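Report on the structure given below.
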Amino acid sequence: MLQLVDLKVPPYTIRGQPVRLECHYDLEGEALYSVKWFKDDKEFFRFLPEDDPPAQIFNQQGVYVDLPNSSDTAVVLKAVDINGSGQYRCEVSGEAPSFKTVTNQKVMVVVELPDASGPQIEGVRPRYQIGDTVRINCTSSRSRPAAKLSWYINQEPAEESFLRYHPIVQDEEGLQTSMLGLEFKVRQKHYKKGDLKMKCLATIDTLYWRSNEQSVEGDRPQKAPVLESRETYSPEASAATAVKLISKGHMILLLAASLSVNLFSRLYVKDALLVSLLVSMLDTLWYSNKTQRDGSTSRCYNEKRISSENVPAEVDDESRSSPWKKNTLPNTSSTEAFASSSWNLNLVKFNVIFKKSVINVQ
């Protein structure tokens with residue numbers, strides 16, 4: 001008994017490319033009468049082995065048969081266009097006396113791909129502050145079908161409530177443009193990993209997969225210097241200001257400077273500007289060890305010099321917490337009067353140079 005074994009019609013094909021449609025059957029001893037192909041119920045190809053020539057084509061918009069390369073089991077279409085989308089059906093009939101007919105059908109969509117440069121992102125500002133509202137759009141132009149768009153914020157899918165949907169627009173050629181908006185308030189969490197990254201992804205099944213990303217800096221005040229805490233001490237207690245130098249997240253050096261106030265302030269500093277001001281303003285600096293969470297201790301080794309002449313004022317292990325008073329140095333306007341410190345922490349060496357009015361982190 002005649003059977004249609006397999007029908008191969010690609011679900012998607014790209015506009016301008018050739019397509020091969022296959023129809024495999026098993027006559028099981030019967031003679032073949034005809035093989036016919038239809039698009040949307042309109043015949044465009046016929047194969048009758050008894051005819052001469054056996055193959056015949058029928059013109060249909062969007063379907064252009066490569067006759068020399070077509071046969072009873074396969075039909076090759078030349079460069080397909082958008083009108084080639086539709087339902088394709090293969091019909092196989094046996095000879096007399098049964099004239100049994102078997103048929104099967106599948107849908108093929110001809111795809112016009114968008115621009116290879118990918119979706120376009122519009123409306124992004126150069127900088128956003130915490131609390132600002134981001135309102136941007138992603139557009140994928142002139143394709144068929146319309147590309148599916150998705151938004152990602154810092155590599156994570158955007159929340160559904162952030163998405164702003166727009167209707168698909170179709171031009172006179174039948175090509176479609178899709179647009180998806182993104183709107184949300186900038187939060188601190190958006191800058192946890194640095195810049196705010198917003199990516200738009202455009203896809204058409206497995207044929208097209210393109211994305212574009214915009215990265216913006218946050219117009220945020222620096223975390224350092226910033227006053228972390230302020231505690232009041234008794235009037236009898238000596239007042240001080242502590243400055244912590246932090247490099248790559250590690251506490252490197254604790255400096256304390258005596259002040260004539262009754263408040264204790266703790267300031268965290270990432271750059272050297274504030275420390276340079278303190279060094280130029282204060283008469284006394286304390287260098288103190290700081291024990292790390294892992295039990296290691298940052299060790300400070302200090303010396304004082306004026307030009308090439310060493311001043312015998314090294315701070316050794318026993319007196320490391322002793323103050324260095326600037327007024328112990330000769331009263332000179334030389335800018336070369338400085339104290340230098342170096343220490344090792346986690347096998348990484350850091351150097352800090354304190355001058356009268358400047359500090360350099362090397």
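Residue numbers start at 1 in each chain; chains themselves are named A, B, ... in the order of the structure tokens; ligands are numbered from 1 in the order shown.
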
Near-Pro10 in chain A list (10 Å; only C-alpha atoms; drop same-chain fewer than 5 positions) as a PyMOL selection string = chain A and resi 19-22+106-110

Compile the contact shell of range 180-196 of chain A as number ranges by chain: residues with an atom at most 6 Å away, counting only C-alpha atoms, same-chain residues fewer than 2 positions apart removed.
-> A: 130-138, 162-165, 215-217

Export of prior selection with C-alpha atoms as a PDB file, in the first residue's frame:
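For reference, selection_10.pdb as written:
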```
ATOM      1  CA  ILE A 130      20.948  57.539  41.639  1.00  0.00           C
ATOM      2  CA  GLY A 131      17.216  58.255  41.459  1.00  0.00           C
ATOM      3  CA  ASP A 132      17.217  59.309  37.794  1.00  0.00           C
ATOM      4  CA  THR A 133      14.742  57.642  35.436  1.00  0.00           C
ATOM      5  CA  VAL A 134      16.077  55.761  32.420  1.00  0.00           C
ATOM      6  CA  ARG A 135      13.780  55.997  29.372  1.00  0.00           C
ATOM      7  CA  ILE A 136      15.244  54.365  26.301  1.00  0.00           C
ATOM      8  CA  ASN A 137      14.055  52.440  23.246  1.00  0.00           C
ATOM      9  CA  CYS A 138      15.408  49.509  21.256  1.00  0.00           C
ATOM     10  CA  PHE A 162      10.266  48.012  33.232  1.00  0.00           C
ATOM     11  CA  LEU A 163       9.243  47.111  29.663  1.00  0.00           C
ATOM     12  CA  ARG A 164       7.258  49.455  27.405  1.00  0.00           C
ATOM     13  CA  TYR A 165       5.681  47.719  24.404  1.00  0.00           C
ATOM     14  CA  SER A 215      27.372  51.262  29.190  1.00  0.00           C
ATOM     15  CA  VAL A 216      27.095  54.474  31.216  1.00  0.00           C
ATOM     16  CA  GLU A 217      28.924  55.799  34.230  1.00  0.00           C
TER      17      GLU A 217
END
```

Å distance separating CA of Asp40 in chain A from CA of Arg89 in chain A, one decimal place = 7.9 Å

Extract, using only C-alpha atoms, all DNA, RNA and protein residues at most 12 Å from Ile168 in chain A, discarding same-chain residues fewer than 3 positions from it, and format them as a PyMOL selection string.
-> chain A and resi 139-149+165+171+174-180

Restricted to N, CA and C atoms, what would the selected residues look like written as a compact mmCIF listing (two decimals), in the first residue's frame?
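Below is the file again_0.txt, written as the result:
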```
# COMPACT_ATOMS: atom_id res chain seq x y z
N THR A 139 15.18 49.39 18.84
CA THR A 139 14.45 49.23 17.59
C THR A 139 15.18 48.25 16.67
N SER A 140 14.43 47.31 16.13
CA SER A 140 14.94 46.40 15.09
C SER A 140 14.12 46.65 13.84
N SER A 141 14.77 47.12 12.78
CA SER A 141 14.06 47.63 11.62
C SER A 141 14.00 46.66 10.45
N ARG A 142 12.89 46.74 9.71
CA ARG A 142 12.70 46.13 8.40
C ARG A 142 13.12 44.67 8.33
N SER A 143 12.32 43.85 8.95
CA SER A 143 12.52 42.40 8.87
C SER A 143 11.15 41.75 8.70
N ARG A 144 11.20 40.46 8.40
CA ARG A 144 9.95 39.69 8.34
C ARG A 144 10.27 38.24 8.68
N PRO A 145 9.67 37.76 9.76
CA PRO A 145 8.75 38.47 10.66
C PRO A 145 9.51 39.48 11.53
N ALA A 146 8.75 40.22 12.32
CA ALA A 146 9.38 41.19 13.21
C ALA A 146 10.27 40.47 14.22
N ALA A 147 11.41 41.06 14.52
CA ALA A 147 12.33 40.46 15.49
C ALA A 147 11.73 40.56 16.90
N LYS A 148 12.01 39.55 17.70
CA LYS A 148 11.62 39.56 19.10
C LYS A 148 12.71 40.28 19.89
N LEU A 149 12.32 41.27 20.70
CA LEU A 149 13.27 42.08 21.44
C LEU A 149 13.24 41.75 22.92
N TYR A 165 5.92 48.36 25.70
CA TYR A 165 5.68 47.72 24.40
C TYR A 165 5.11 48.72 23.40
N ASP A 171 5.86 48.26 6.61
CA ASP A 171 5.96 49.21 5.50
C ASP A 171 5.30 48.65 4.24
N GLY A 174 6.03 45.15 3.07
CA GLY A 174 5.68 44.05 3.96
C GLY A 174 6.71 43.78 5.04
N LEU A 175 7.75 44.61 5.12
CA LEU A 175 8.78 44.44 6.15
C LEU A 175 8.33 45.12 7.44
N GLN A 176 8.72 44.54 8.56
CA GLN A 176 8.20 44.97 9.85
C GLN A 176 9.30 45.52 10.75
N THR A 177 8.93 46.52 11.55
CA THR A 177 9.84 47.13 12.51
C THR A 177 9.26 46.97 13.91
N SER A 178 10.07 46.43 14.81
CA SER A 178 9.63 46.23 16.20
C SER A 178 10.40 47.17 17.11
N MET A 179 9.74 47.60 18.20
CA MET A 179 10.35 48.51 19.17
C MET A 179 9.93 48.10 20.57
N LEU A 180 10.89 48.12 21.49
CA LEU A 180 10.62 47.81 22.89
C LEU A 180 11.32 48.84 23.75
```

Smallest atom-to-atom distance to Asp6 in chain A: which of A:Glu91, A:Glu173, A:Glu160, A:Asp81, using only C-alpha atoms?
->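 Among the listed residues, A:Glu91 lies closest to Asp6 in chain A.
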
Using the chain letters and numbers from this document, which residues of range 106-221 of chain A does DSSP assign to strand (DSSP E), as a ChimeraX atom specification?
-> /A:106-111,120-122,127-128,133-143,148-153,156-157,163-165,169-170,176-185,196-204,208-218

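Between CA of Thr203 in chain A and CA of Gln105 in chain A the separation is 26.4 Å.
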
Any idea what's packed within 7 Å of Phe47 in chain A, counting only C-alpha atoms, ignoring anything in its chain fewer than 3 positions away? Could you give it as a VMD selection string?
-> chain A and resid 34 to 36 54 to 56 72

So which one's closest to Ile14 in chain A, A:Gly29, A:Gly84, A:Pro97, A:Pro126? Using only C-alpha atoms, please.
->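 That would be A:Gly84, the residue with the smallest distance to Ile14 in chain A.
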